[in-house]
file start_28.cif (mmCIF, C-alpha atoms)
data_my_file
#
loop_
_atom_site.label_atom_id
_atom_site.label_comp_id
_atom_site.auth_asym_id
_atom_site.auth_seq_id
_atom_site.Cartn_x
_atom_site.Cartn_y
_atom_site.Cartn_z
CA MET A 1 158.52 22.47 22.83
CA SER A 2 158.14 23.39 26.45
CA LEU A 3 155.00 24.34 28.33
CA PRO A 4 154.54 27.89 29.65
CA ASP A 5 155.65 28.47 33.27
CA TRP A 6 152.13 28.78 34.70
CA VAL A 7 151.09 25.28 33.62
CA GLY A 8 153.17 23.21 36.09
CA PRO A 9 151.79 24.44 39.44
CA VAL A 10 148.23 24.60 38.05
CA ALA A 11 148.34 21.00 36.80
CA GLU A 12 149.93 19.83 40.04
CA TYR A 13 147.19 21.44 42.16
CA ILE A 14 144.36 20.24 39.90
CA PHE A 15 145.62 16.65 39.98
CA GLU A 16 146.80 16.42 43.59
CA VAL A 17 143.89 18.28 45.17
CA GLY A 18 141.09 18.38 42.59
CA LEU A 19 141.23 14.93 41.08
CA VAL A 20 141.89 13.23 44.43
CA ASN A 21 138.87 14.90 46.04
CA THR A 22 136.65 14.24 43.02
CA LEU A 23 137.52 10.54 43.26
CA LYS A 24 136.93 10.59 47.04
CA ILE A 25 133.44 12.07 46.67
CA ALA A 26 132.61 9.79 43.74
CA GLY A 27 133.86 6.69 45.62
CA MET A 28 131.84 7.44 48.75
CA ALA A 29 128.73 8.27 46.72
CA LEU A 30 129.07 5.14 44.57
CA VAL A 31 129.37 2.80 47.57
CA GLY A 32 126.54 4.55 49.44
CA SER A 33 124.22 4.63 46.42
CA THR A 34 124.85 0.96 45.58
CA VAL A 35 124.29 -0.39 49.09
CA ILE A 36 121.24 1.73 49.96
CA GLY A 37 119.80 1.48 46.45
CA ILE A 38 119.99 -2.31 46.22
CA VAL A 39 118.44 -2.77 49.67
CA LEU A 40 115.60 -0.30 49.01
CA GLY A 41 115.01 -1.62 45.49
CA THR A 42 114.73 -5.19 46.74
CA LEU A 43 112.41 -4.17 49.61
CA LEU A 44 110.27 -2.29 47.08
CA THR A 45 109.35 -5.60 45.43
CA ILE A 46 107.66 -6.81 48.64
CA ARG A 47 103.92 -6.26 48.34
CA PHE A 48 103.43 -4.37 51.60
CA LEU A 49 101.77 -1.02 51.04
CA PRO A 50 103.30 1.14 53.83
CA SER A 51 106.89 0.18 53.00
CA GLN A 52 106.25 0.50 49.26
CA ALA A 53 104.74 3.96 49.75
CA LEU A 54 107.68 5.14 51.88
CA ILE A 55 110.35 3.84 49.48
CA ARG A 56 108.43 5.26 46.49
CA LEU A 57 108.35 8.65 48.24
CA TYR A 58 112.11 8.44 48.93
CA ILE A 59 112.81 7.64 45.28
CA GLU A 60 110.53 10.31 43.82
CA VAL A 61 111.77 13.05 46.18
CA TRP A 62 115.51 12.51 45.68
CA ARG A 63 115.13 11.88 41.96
CA GLY A 64 112.89 14.92 41.62
CA LEU A 65 115.04 17.49 43.41
CA PRO A 66 118.01 19.03 41.59
CA ILE A 67 121.22 17.61 43.12
CA LEU A 68 122.35 21.17 43.81
CA VAL A 69 119.33 21.70 46.07
CA THR A 70 119.90 18.35 47.82
CA ILE A 71 123.55 19.18 48.53
CA PHE A 72 122.56 22.62 49.87
CA MET A 73 120.00 20.92 52.10
CA ILE A 74 122.65 18.65 53.61
CA PHE A 75 125.09 21.51 54.09
CA TYR A 76 122.78 24.34 55.21
CA LEU A 77 119.46 22.86 56.28
CA LEU A 78 120.70 20.06 58.58
CA PRO A 79 122.66 22.40 60.89
CA ALA A 80 119.66 24.77 60.93
CA LEU A 81 117.52 21.90 62.24
CA SER A 82 119.98 20.80 64.90
CA GLN A 83 123.59 21.57 65.68
CA GLN A 84 124.25 17.84 66.11
CA LEU A 85 123.44 17.35 62.43
CA ARG A 86 126.13 19.80 61.31
CA ILE A 87 128.48 18.38 58.67
CA ASP A 88 131.61 20.48 58.45
CA ASP A 89 133.40 18.61 55.69
CA PRO A 90 131.95 19.69 52.31
CA LEU A 91 133.31 16.47 50.76
CA ILE A 92 131.11 14.39 53.09
CA ALA A 93 128.10 16.69 52.61
CA ALA A 94 128.43 16.40 48.82
CA ALA A 95 128.84 12.62 49.03
CA ILE A 96 125.66 12.36 51.13
CA GLY A 97 123.74 14.55 48.69
CA LEU A 98 124.92 12.48 45.74
CA THR A 99 124.13 9.27 47.63
CA LEU A 100 120.51 10.33 48.21
CA TRP A 101 120.11 10.96 44.49
CA GLY A 102 122.16 7.95 43.39
CA SER A 103 120.46 5.49 45.75
CA ALA A 104 117.08 6.56 44.34
CA GLN A 105 118.35 5.74 40.85
CA VAL A 106 119.81 2.39 41.95
CA ALA A 107 116.64 1.47 43.87
CA GLU A 108 114.50 2.02 40.78
CA ALA A 109 116.92 0.03 38.59
CA THR A 110 117.13 -2.78 41.17
CA ARG A 111 113.36 -3.03 41.40
CA GLY A 112 113.22 -3.39 37.62
CA ALA A 113 115.98 -6.01 37.59
CA VAL A 114 114.43 -8.08 40.42
CA VAL A 115 110.99 -7.96 38.78
CA SER A 116 112.55 -9.07 35.47
CA ILE A 117 113.74 -12.37 37.02
CA PRO A 118 111.16 -15.04 36.05
CA ARG A 119 108.70 -16.08 38.77
CA GLU A 120 109.82 -19.70 38.41
CA GLN A 121 113.14 -18.77 39.95
CA HIS A 122 111.36 -17.58 43.11
CA GLU A 123 109.23 -20.71 43.16
CA ALA A 124 112.18 -23.05 42.61
CA ALA A 125 114.12 -21.37 45.43
CA SER A 126 111.10 -21.62 47.73
CA ALA A 127 110.70 -25.28 46.82
CA LEU A 128 114.32 -25.84 47.83
CA GLY A 129 113.48 -24.48 51.27
CA PHE A 130 114.95 -20.96 51.02
CA GLY A 131 113.26 -18.26 53.07
CA TRP A 132 112.78 -14.70 51.76
CA LEU A 133 116.33 -13.64 52.65
CA GLY A 134 117.98 -16.78 51.29
CA ARG A 135 115.86 -16.69 48.15
CA HIS A 136 116.87 -13.12 47.38
CA GLY A 137 120.45 -13.35 48.64
CA PHE A 138 121.40 -16.59 46.86
CA VAL A 139 119.06 -16.87 43.88
CA ILE A 140 117.36 -13.66 42.77
CA LEU A 141 119.89 -10.89 43.49
CA PRO A 142 122.90 -12.66 41.91
CA GLN A 143 120.93 -12.86 38.66
CA ALA A 144 119.47 -9.36 39.03
CA LEU A 145 122.92 -7.84 39.69
CA ARG A 146 124.06 -9.00 36.26
CA ARG A 147 121.29 -7.00 34.65
CA LEU A 148 122.08 -4.12 36.99
CA LEU A 149 125.68 -3.78 35.83
CA PRO A 150 125.14 -1.60 32.71
CA PRO A 151 122.97 0.99 34.53
CA MET A 152 125.49 0.96 37.42
CA VAL A 153 128.34 1.92 35.08
CA GLY A 154 126.10 4.65 33.69
CA LEU A 155 125.43 5.81 37.24
CA LEU A 156 129.17 5.94 37.95
CA VAL A 157 129.64 8.29 34.98
CA ASN A 158 126.81 10.51 36.26
CA ILE A 159 128.18 10.50 39.81
CA ILE A 160 131.67 11.48 38.62
CA GLN A 161 130.27 14.32 36.52
CA ASN A 162 127.92 15.49 39.28
CA THR A 163 130.74 15.71 41.85
CA THR A 164 131.40 19.12 40.23
CA ILE A 165 128.20 20.36 41.91
CA ALA A 166 130.11 20.08 45.22
CA GLN A 167 131.87 23.24 44.01
CA VAL A 168 128.93 25.31 45.29
CA ILE A 169 129.68 24.38 48.91
CA GLY A 170 133.40 24.88 48.41
CA ALA A 171 134.51 21.25 48.24
CA PRO A 172 137.93 21.39 46.53
CA GLU A 173 137.09 18.89 43.75
CA LEU A 174 138.23 19.31 40.13
CA LEU A 175 136.06 22.31 39.28
CA GLU A 176 136.69 24.19 42.55
CA ALA A 177 140.42 23.41 42.33
CA SER A 178 140.62 24.72 38.78
CA GLU A 179 138.55 27.79 39.64
CA ARG A 180 141.00 28.60 42.46
CA GLN A 181 143.86 28.35 39.98
CA VAL A 182 142.06 30.52 37.40
CA GLU A 183 141.44 33.14 40.09
CA ARG A 184 145.02 32.98 41.37
CA LEU A 185 146.36 33.54 37.85
CA THR A 186 143.85 36.32 37.17
CA PHE A 187 145.01 37.99 40.40
CA GLU A 188 148.55 37.78 39.05
CA GLY A 189 147.39 39.38 35.82
CA GLN A 190 147.23 36.30 33.60
CA GLU A 191 144.09 35.02 31.92
CA HIS A 192 144.01 31.29 31.24
CA ALA A 193 140.39 30.37 32.03
CA ILE A 194 139.70 28.76 28.63
CA GLN A 195 142.82 26.62 28.76
CA ILE A 196 142.22 25.49 32.36
CA TYR A 197 138.47 24.79 32.11
CA GLY A 198 139.12 23.24 28.70
CA ALA A 199 141.70 20.91 30.25
CA VAL A 200 139.21 19.99 32.99
CA MET A 201 136.64 19.12 30.31
CA VAL A 202 139.20 16.95 28.51
CA LEU A 203 140.05 15.23 31.80
CA PHE A 204 136.36 14.47 32.48
CA PHE A 205 135.97 13.24 28.92
CA LEU A 206 138.93 10.88 29.28
CA ILE A 207 137.36 9.41 32.43
CA SER A 208 133.74 9.31 31.20
CA PHE A 209 134.05 8.24 27.58
CA PRO A 210 135.58 4.77 28.20
CA LEU A 211 132.96 4.19 30.91
CA THR A 212 130.01 5.12 28.67
CA ARG A 213 131.45 2.80 25.99
CA LEU A 214 131.76 0.06 28.63
CA ALA A 215 128.15 0.60 29.71
CA ALA A 216 126.95 0.32 26.10
CA TYR A 217 129.06 -2.82 25.59
CA LEU A 218 127.77 -4.46 28.79
CA GLU A 219 124.20 -3.69 27.80
CA LYS A 220 124.71 -5.59 24.54
CA ARG A 221 126.59 -8.50 26.11
CA LEU A 222 124.64 -9.12 29.31
CA ILE A 223 121.03 -8.85 28.22
CA MET B 1 110.41 13.87 68.27
CA SER B 2 111.75 16.87 70.12
CA LEU B 3 113.30 18.01 66.87
CA LEU B 4 109.93 17.90 65.16
CA GLY B 5 108.38 19.69 68.12
CA LEU B 6 110.94 22.49 67.90
CA LEU B 7 110.38 22.68 64.17
CA ALA B 8 106.64 23.06 64.62
CA LEU B 9 107.20 25.85 67.18
CA ALA B 10 109.62 27.78 65.01
CA TRP B 11 107.72 27.27 61.76
CA ASP B 12 106.62 30.59 60.27
CA TRP B 13 103.82 30.52 57.70
CA GLY B 14 104.32 34.25 57.27
CA PHE B 15 107.54 33.49 55.42
CA PHE B 16 105.58 32.16 52.46
CA THR B 17 103.18 35.10 52.18
CA GLU B 18 105.98 37.65 52.62
CA ASN B 19 108.25 36.10 50.01
CA TRP B 20 105.58 34.71 47.71
CA ASP B 21 106.01 37.27 44.91
CA GLU B 22 109.76 36.91 44.83
CA LEU B 23 109.66 33.10 44.89
CA LEU B 24 107.08 33.10 42.12
CA LEU B 25 109.30 35.39 40.04
CA GLY B 26 112.19 32.97 40.58
CA ALA B 27 110.02 30.04 39.52
CA ARG B 28 108.96 32.01 36.45
CA ARG B 29 112.59 32.60 35.48
CA THR B 30 113.31 28.89 35.97
CA LEU B 31 110.42 28.03 33.67
CA GLU B 32 111.41 30.70 31.11
CA ALA B 33 114.99 29.48 30.78
CA SER B 34 113.71 25.89 30.75
CA ALA B 35 111.11 26.60 28.07
CA ILE B 36 113.64 28.18 25.70
CA GLY B 37 116.13 25.40 26.46
CA ILE B 38 113.53 22.68 25.90
CA ALA B 39 112.28 24.20 22.63
CA GLY B 40 115.86 24.41 21.34
CA ALA B 41 116.73 20.94 22.59
CA PHE B 42 113.66 19.57 20.83
CA PHE B 43 114.70 21.16 17.53
CA ILE B 44 118.38 20.13 17.85
CA GLY B 45 117.38 16.59 18.81
CA LEU B 46 114.94 16.26 15.92
CA VAL B 47 117.36 17.48 13.24
CA LEU B 48 120.57 15.87 14.50
CA GLY B 49 118.74 12.70 15.61
CA ALA B 50 117.38 12.32 12.06
CA ALA B 51 120.84 12.98 10.61
CA ARG B 52 122.35 10.36 12.94
CA ALA B 53 119.68 7.75 12.23
CA HIS B 54 119.89 8.22 8.46
CA ARG B 55 123.71 8.45 8.52
CA VAL B 56 123.74 11.76 6.61
CA PRO B 57 127.43 12.15 5.75
CA VAL B 58 129.47 14.82 7.61
CA VAL B 59 126.44 16.08 9.63
CA SER B 60 126.11 12.68 11.28
CA GLN B 61 129.78 12.55 12.29
CA LEU B 62 129.78 16.14 13.56
CA ALA B 63 126.60 15.43 15.53
CA GLY B 64 128.29 12.36 17.00
CA ILE B 65 131.23 14.43 18.21
CA TYR B 66 128.85 17.04 19.68
CA VAL B 67 126.84 14.38 21.50
CA GLU B 68 129.87 12.62 22.99
CA ALA B 69 131.60 15.89 23.96
CA ILE B 70 128.53 17.16 25.84
CA ARG B 71 127.46 13.87 27.41
CA ASN B 72 130.93 13.07 28.73
CA THR B 73 131.67 16.43 30.37
CA PRO B 74 129.84 17.90 33.39
CA ILE B 75 127.26 20.57 32.55
CA LEU B 76 128.58 22.71 35.40
CA VAL B 77 131.99 22.93 33.70
CA GLN B 78 130.20 23.79 30.44
CA ILE B 79 128.44 26.64 32.26
CA PHE B 80 131.77 27.85 33.69
CA MET B 81 133.22 27.74 30.18
CA LEU B 82 130.38 29.81 28.72
CA TYR B 83 130.18 32.37 31.51
CA PHE B 84 133.64 32.65 33.07
CA ALA B 85 136.02 31.56 30.27
CA LEU B 86 134.55 32.93 27.03
CA PRO B 87 135.04 36.60 28.08
CA GLN B 88 138.77 35.86 27.73
CA VAL B 89 138.26 35.86 23.94
CA GLY B 90 135.86 38.79 24.03
CA ILE B 91 132.59 36.80 24.05
CA ARG B 92 130.50 38.14 26.93
CA LEU B 93 127.13 36.45 27.44
CA ASP B 94 124.74 37.69 30.10
CA ALA B 95 123.49 35.31 32.79
CA PHE B 96 120.07 34.78 31.19
CA THR B 97 121.64 33.87 27.83
CA VAL B 98 124.01 31.40 29.48
CA ALA B 99 121.08 29.97 31.46
CA TRP B 100 119.01 28.94 28.43
CA LEU B 101 121.97 28.34 26.12
CA ALA B 102 123.74 25.92 28.48
CA VAL B 103 120.66 23.78 29.08
CA MET B 104 119.80 23.92 25.38
CA ILE B 105 123.23 22.65 24.30
CA TRP B 106 123.12 19.98 27.02
CA GLY B 107 119.53 18.91 26.36
CA GLY B 108 120.12 18.93 22.59
CA ALA B 109 122.92 16.37 22.93
CA PHE B 110 120.82 13.99 25.01
CA ASN B 111 117.80 14.55 22.78
CA THR B 112 119.83 13.73 19.66
CA GLU B 113 120.39 10.29 21.15
CA ASN B 114 116.71 9.96 22.18
CA PHE B 115 115.49 10.77 18.68
CA ARG B 116 118.20 8.73 16.97
CA ALA B 117 117.12 5.68 18.98
CA GLY B 118 113.46 6.43 18.22
CA PHE B 119 114.00 6.77 14.47
CA GLU B 120 116.22 3.68 14.35
CA ALA B 121 113.49 1.69 16.10
CA VAL B 122 111.17 2.23 13.12
CA PRO B 123 111.24 -1.01 11.11
CA VAL B 124 113.17 -0.64 7.84
CA ARG B 125 110.29 -2.18 5.88
CA TYR B 126 108.10 0.86 6.69
CA ARG B 127 110.65 3.17 5.12
CA GLU B 128 111.04 0.85 2.15
CA ALA B 129 107.26 0.79 1.72
CA GLY B 130 107.19 4.60 1.74
CA LEU B 131 109.97 4.80 -0.86
CA ALA B 132 108.30 2.09 -2.99
CA LEU B 133 105.11 4.17 -3.03
CA GLY B 134 107.10 6.94 -4.67
CA PHE B 135 107.59 9.19 -1.62
CA SER B 136 110.86 11.10 -1.67
CA ARG B 137 113.32 10.46 1.17
CA ILE B 138 112.23 13.66 2.90
CA SER B 139 108.51 12.93 2.67
CA THR B 140 109.13 9.34 3.75
CA PHE B 141 110.82 10.75 6.84
CA LEU B 142 108.07 13.29 7.51
CA ASN B 143 105.17 10.90 6.90
CA VAL B 144 106.51 7.57 8.13
CA THR B 145 109.65 7.72 10.28
CA LEU B 146 108.78 10.90 12.20
CA PRO B 147 105.25 10.01 13.35
CA ILE B 148 106.30 6.52 14.49
CA GLY B 149 109.87 7.17 15.69
CA GLY B 150 108.86 10.45 17.31
CA ARG B 151 106.30 8.63 19.41
CA ILE B 152 108.87 6.02 20.44
CA ALA B 153 111.30 8.79 21.42
CA LEU B 154 108.77 10.90 23.31
CA PRO B 155 109.02 9.44 26.86
CA SER B 156 112.82 9.47 26.92
CA SER B 157 112.89 13.00 25.49
CA ILE B 158 110.52 14.23 28.21
CA ASN B 159 112.90 12.70 30.75
CA THR B 160 115.61 14.85 29.19
CA TYR B 161 113.36 17.93 29.49
CA ILE B 162 112.85 17.16 33.20
CA SER B 163 116.62 17.10 33.61
CA VAL B 164 116.81 20.40 31.72
CA VAL B 165 114.47 21.99 34.28
CA LYS B 166 116.49 20.58 37.18
CA ASN B 167 119.74 21.72 35.58
CA THR B 168 118.59 25.35 35.51
CA SER B 169 119.23 25.25 39.28
CA LEU B 170 122.96 25.19 38.42
CA MET B 171 122.59 28.80 37.24
CA TYR B 172 123.07 29.58 40.92
CA VAL B 173 126.82 29.63 40.13
CA ILE B 174 126.35 32.52 37.68
CA ALA B 175 123.86 34.24 40.02
CA TYR B 176 121.01 34.13 37.51
CA PRO B 177 118.02 34.76 39.80
CA GLU B 178 116.00 31.63 39.03
CA LEU B 179 114.21 29.65 41.76
CA THR B 180 117.28 28.30 43.62
CA THR B 181 119.25 31.55 43.53
CA THR B 182 116.18 33.54 44.59
CA ALA B 183 115.41 31.20 47.48
CA LEU B 184 118.99 31.27 48.75
CA GLN B 185 119.07 35.06 48.53
CA ILE B 186 115.89 35.18 50.61
CA ASN B 187 117.52 32.74 53.05
CA ALA B 188 120.56 35.01 53.38
CA LEU B 189 118.28 37.89 54.39
CA THR B 190 115.75 36.09 56.58
CA LEU B 191 117.86 33.17 57.92
CA GLN B 192 114.64 31.12 57.80
CA THR B 193 116.47 28.12 56.37
CA THR B 194 113.77 25.52 57.05
CA GLU B 195 111.05 27.52 55.34
CA THR B 196 113.37 28.42 52.45
CA PHE B 197 114.21 24.82 51.65
CA ALA B 198 110.60 23.74 52.12
CA ALA B 199 109.56 26.30 49.51
CA LEU B 200 112.41 25.29 47.22
CA ALA B 201 111.70 21.56 47.47
CA VAL B 202 107.97 21.98 46.94
CA GLY B 203 108.62 24.27 43.96
CA TYR B 204 110.84 21.78 42.16
CA LEU B 205 108.81 18.71 43.06
CA VAL B 206 105.61 20.32 41.77
CA ILE B 207 107.28 21.09 38.42
CA VAL B 208 109.09 17.74 38.10
CA TRP B 209 106.22 15.56 39.30
CA THR B 210 103.79 17.33 36.96
CA MET B 211 106.11 16.54 34.05
CA SER B 212 106.47 12.89 35.19
CA ILE B 213 102.70 12.52 35.29
CA ALA B 214 102.55 14.05 31.80
CA ILE B 215 104.98 11.35 30.57
CA ARG B 216 102.79 8.54 31.92
CA PHE B 217 99.71 10.13 30.37
CA LEU B 218 101.39 10.66 26.99
CA GLU B 219 102.85 7.16 27.09
CA SER B 220 99.41 5.64 27.40
CA ARG B 221 97.84 8.00 24.87
CA LEU B 222 100.57 7.75 22.26
CA ALA B 223 101.49 4.09 22.68
CA LEU B 224 101.81 2.47 19.27
CA PRO B 225 99.26 -0.24 18.53
CA GLU B 226 100.80 -3.67 19.06
CA ASP B 227 100.81 -4.58 15.36
CA ALA B 228 102.73 -1.42 14.40
CA ARG B 229 105.84 -2.47 16.29
#
call {"tool": "encode", "arguments": {"input": "start_28.cif", "output": "C-alpha cells"}}
result
Amino acid sequence: MSLPDWVGPVAEYIFEVGLVNTLKIAGMALVGSTVIGIVLGTLLTIRFLPSQALIRLYIEVWRGLPILVTIFMIFYLLPALSQQLRIDDPLIAAAIGLTLWGSAQVAEATRGAVVSIPREQHEAASALGFGWLGRHGFVILPQALRRLLPPMVGLLVNIIQNTTIAQVIGAPELLEASERQVERLTFEGQEHAIQIYGAVMVLFFLISFPLTRLAAYLEKRLI
Amino acid sequence: MSLLGLLALAWDWGFFTENWDELLLGARRTLEASAIGIAGAFFIGLVLGAARAHRVPVVSQLAGIYVEAIRNTPILVQIFMLYFALPQVGIRLDAFTVAWLAVMIWGGAFNTENFRAGFEAVPVRYREAGLALGFSRISTFLNVTLPIGGRIALPSSINTYISVVKNTSLMYVIAYPELTTTALQINALTLQTTETFAALAVGYLVIVWTMSIAIRFLESRLALPEDAR
C-alpha cells in the first residue's frame, strides 16, 4: 500500500516548518512562563499590599483576557503605541502573549504551593540564620517546586495546544502550516482538508495525551 | 512617561460613543454563543459525567474517548475542522452554528470531567444509604448524588464556562462577528488601535471578572456543611 502523491510534500512541510515552529513557540513560552511565574508567585506571598495588589492585577488581567486578544495586543497594539515596541517576528509575539497568560497561571500555582509549605519550615530556616532569599531559595521553593510539577506539566499541554492561536498573526506553526498546504492543494483542485486537519489533530493528541497522563500520575505520586 | 503623555494626547473618547452600538452588538453575540454553549456543556457534562462516575457500560467508554479526544487537541483545530474541513463531505455549517457548537463540544468534554469528579467525591455510604432506603438507582442519583456531587462540581464547572466565553474569541478565524471580530473590524476602519484594544480588554474583563466573583459567591453559599463531607 502506498500513500497518494500529495501526502509527501504536505507531511514534509507540516513537520519541518509547522512542528518546528510550534515547538519553538511552546519552548519560549514555557521558559518565560516558568521563570516569571515562579518569581511573581513567590513575591505574592510577601505581605506587602502595593506589591500584592500589582501582582494580583497582573494575574487577573492576563488570566482574564482571551489569549487571542493578548497575542493581538502584542502584535498590533505595541507598535501603535511606539515604533520601538514593534515586534516583527510573529513567533516571538505569540511567545510573549502565551508567556503573559502562562506566567499568570504559574504565579497563582506557585503562590498556592509556597503557602502549602508548613510554617515550621520557614521558622526552622530562619532559626538557622537564613534571610528571606536564602529561606525561599534553599528551603521553601525546593519543596514547593515538587508540588508545582503536576500543574506545570498541565500548563505545558495547554501551552502546546494554544500555540495554534499564533495562526491568527500568521506564525507558521502547525495549524498555519497545514492551512497553507490545504489552500495550496485546493488551488491545485484537490480537497484534502479533513485528512490534513485530522492528521494535525492526531499529532496534537500524540503529544498531549502522554503528557496529561504524566500530569495525572505525578499528581498521585507527589502529593 | 513621554509615551503615556502621547497616549493621553491622542486618546479619543469619541471612539467609544461612535462605536458603542456596534461593540455592544459584538458583546451580545459573544454572550449569545456562550450562553448556548454553556447550556449545552452543562447538559453534556451532567449526563456523561454521571455515566462516567457510575461506570455505565458502553456510554462510559464512549464518553471517555470523547473527553480525551477533545481535551488533547486544540480547540482552534476543532473549529477549523468544523468550518473549513466538513464542507468537503457536504456538511456546511454557518459561522454562528460553528461558534456555539465548537464551544459546546469543548466545554462538554471538560464539564464531563468536572461532574465525574464531583459525583465520585460523594461518599459511597450515602449512595448505599439511599439504595437501602428503597430508592431506585435513578432516584438515588437524583436525590443524593446530584445535589451533593453537583455542588462539589460547581466551582470547577464555572471555571470551564469562563473558558467557554473566552474561547468564543477564537471565532475571529471564521469571521463570526462577536466581540473580538467586531472590535478588529472597527480597528481596520478607524485605525484607533489603542481605543479598540482598551474597549476589547474592558469588555472581556468585565464578563470574566463578573463570572469569577459569581464563583466565589456561589462557593460560599453552596459550600457543604463540614459534617457532610
call {"tool": "interface_residues", "arguments": {"input": "start_28.cif", "of": "chain B", "to": "chain A", "cutoff": "9 Å", "atoms": "all atoms listed in the file", "output": "count of residues only"}}
result
43
call {"tool": "axis_aligned_box", "arguments": {"input": "start_28.cif", "around": "region 43-61 of chain B", "padding_each_side": "3 Å", "output": "JSON"}}
result
{"center_x": 122.2, "center_y": 14.5, "center_z": 12.3, "size_x": 21.1, "size_y": 19.4, "size_z": 19.1}
call {"tool": "resolve_selection", "arguments": {"input": "start_28.cif", "expression": "the PyMOL selection byres ((chain B and resi 139-156) around 6)", "output": "tab-separated table (two decimals) with C-alpha atoms, keeping the file's coordinate frame"}}
result
chain	number	residue	atom	x	y	z
B	114	ASN	CA	116.71	9.96	22.18
B	115	PHE	CA	115.49	10.77	18.68
B	118	GLY	CA	113.46	6.43	18.22
B	119	PHE	CA	114.00	6.77	14.47
B	122	VAL	CA	111.17	2.23	13.12
B	130	GLY	CA	107.19	4.60	1.74
B	135	PHE	CA	107.59	9.19	-1.62
B	136	SER	CA	110.86	11.10	-1.67
B	137	ARG	CA	113.32	10.46	1.17
B	138	ILE	CA	112.23	13.66	2.90
B	157	SER	CA	112.89	13.00	25.49
B	158	ILE	CA	110.52	14.23	28.21
B	159	ASN	CA	112.90	12.70	30.75
B	215	ILE	CA	104.98	11.35	30.57
call {"tool": "residues_around", "arguments": {"input": "start_28.cif", "residues": "Ile117 (chain A)", "least_positions_apart": "2", "cutoff": "12 Å", "atoms": "all atoms listed in the file", "output": "ChimeraX atom specification"}}
result
/A:45,110-115,119-123,136,139-148,223
call {"tool": "resolve_selection", "arguments": {"input": "start_28.cif", "expression": "the PyMOL selection byres ((chain A and resi 18) around 6)", "output": "MDAnalysis selection string"}}
result
chainID A and resid 14:15 17 19:21 172:174 177
call {"tool": "build_atoms", "arguments": {"input": "start_28.cif", "residues": "region 87-102 of chain A", "atoms": "N, CA and C atoms", "output": "JSON list (two decimals), keeping the file's coordinate frame"}}
result
[["chain", "number", "residue", "atom", "x", "y", "z"],
["A", 87, "ILE", "N", 127.40, 19.10, 59.36],
["A", 87, "ILE", "CA", 128.48, 18.38, 58.67],
["A", 87, "ILE", "C", 129.47, 19.43, 58.18],
["A", 88, "ASP", "N", 130.66, 19.43, 58.77],
["A", 88, "ASP", "CA", 131.61, 20.48, 58.45],
["A", 88, "ASP", "C", 132.38, 20.23, 57.17],
["A", 89, "ASP", "N", 132.59, 18.93, 56.85],
["A", 89, "ASP", "CA", 133.40, 18.61, 55.69],
["A", 89, "ASP", "C", 132.54, 18.64, 54.42],
["A", 90, "PRO", "N", 132.77, 19.62, 53.52],
["A", 90, "PRO", "CA", 131.95, 19.69, 52.31],
["A", 90, "PRO", "C", 132.05, 18.43, 51.45],
["A", 91, "LEU", "N", 133.18, 17.71, 51.54],
["A", 91, "LEU", "CA", 133.31, 16.47, 50.76],
["A", 91, "LEU", "C", 132.26, 15.47, 51.20],
["A", 92, "ILE", "N", 132.09, 15.33, 52.55],
["A", 92, "ILE", "CA", 131.11, 14.39, 53.09],
["A", 92, "ILE", "C", 129.70, 14.85, 52.74],
["A", 93, "ALA", "N", 129.44, 16.16, 52.91],
["A", 93, "ALA", "CA", 128.10, 16.69, 52.61],
["A", 93, "ALA", "C", 127.74, 16.41, 51.15],
["A", 94, "ALA", "N", 128.69, 16.64, 50.25],
["A", 94, "ALA", "CA", 128.43, 16.40, 48.82],
["A", 94, "ALA", "C", 128.19, 14.92, 48.57],
["A", 95, "ALA", "N", 129.00, 14.06, 49.23],
["A", 95, "ALA", "CA", 128.84, 12.62, 49.03],
["A", 95, "ALA", "C", 127.46, 12.16, 49.51],
["A", 96, "ILE", "N", 127.00, 12.74, 50.64],
["A", 96, "ILE", "CA", 125.66, 12.36, 51.13],
["A", 96, "ILE", "C", 124.59, 12.81, 50.15],
["A", 97, "GLY", "N", 124.72, 14.05, 49.67],
["A", 97, "GLY", "CA", 123.74, 14.55, 48.69],
["A", 97, "GLY", "C", 123.69, 13.68, 47.45],
["A", 98, "LEU", "N", 124.86, 13.33, 46.93],
["A", 98, "LEU", "CA", 124.92, 12.48, 45.74],
["A", 98, "LEU", "C", 124.39, 11.08, 46.03],
["A", 99, "THR", "N", 124.62, 10.60, 47.27],
["A", 99, "THR", "CA", 124.13, 9.27, 47.63],
["A", 99, "THR", "C", 122.60, 9.22, 47.66],
["A", 100, "LEU", "N", 121.97, 10.30, 48.18],
["A", 100, "LEU", "CA", 120.51, 10.33, 48.21],
["A", 100, "LEU", "C", 119.96, 10.21, 46.79],
["A", 101, "TRP", "N", 120.55, 11.00, 45.88],
["A", 101, "TRP", "CA", 120.11, 10.96, 44.49],
["A", 101, "TRP", "C", 120.45, 9.61, 43.84],
["A", 102, "GLY", "N", 121.71, 9.18, 44.03],
["A", 102, "GLY", "CA", 122.16, 7.95, 43.39],
["A", 102, "GLY", "C", 121.41, 6.72, 43.89]]
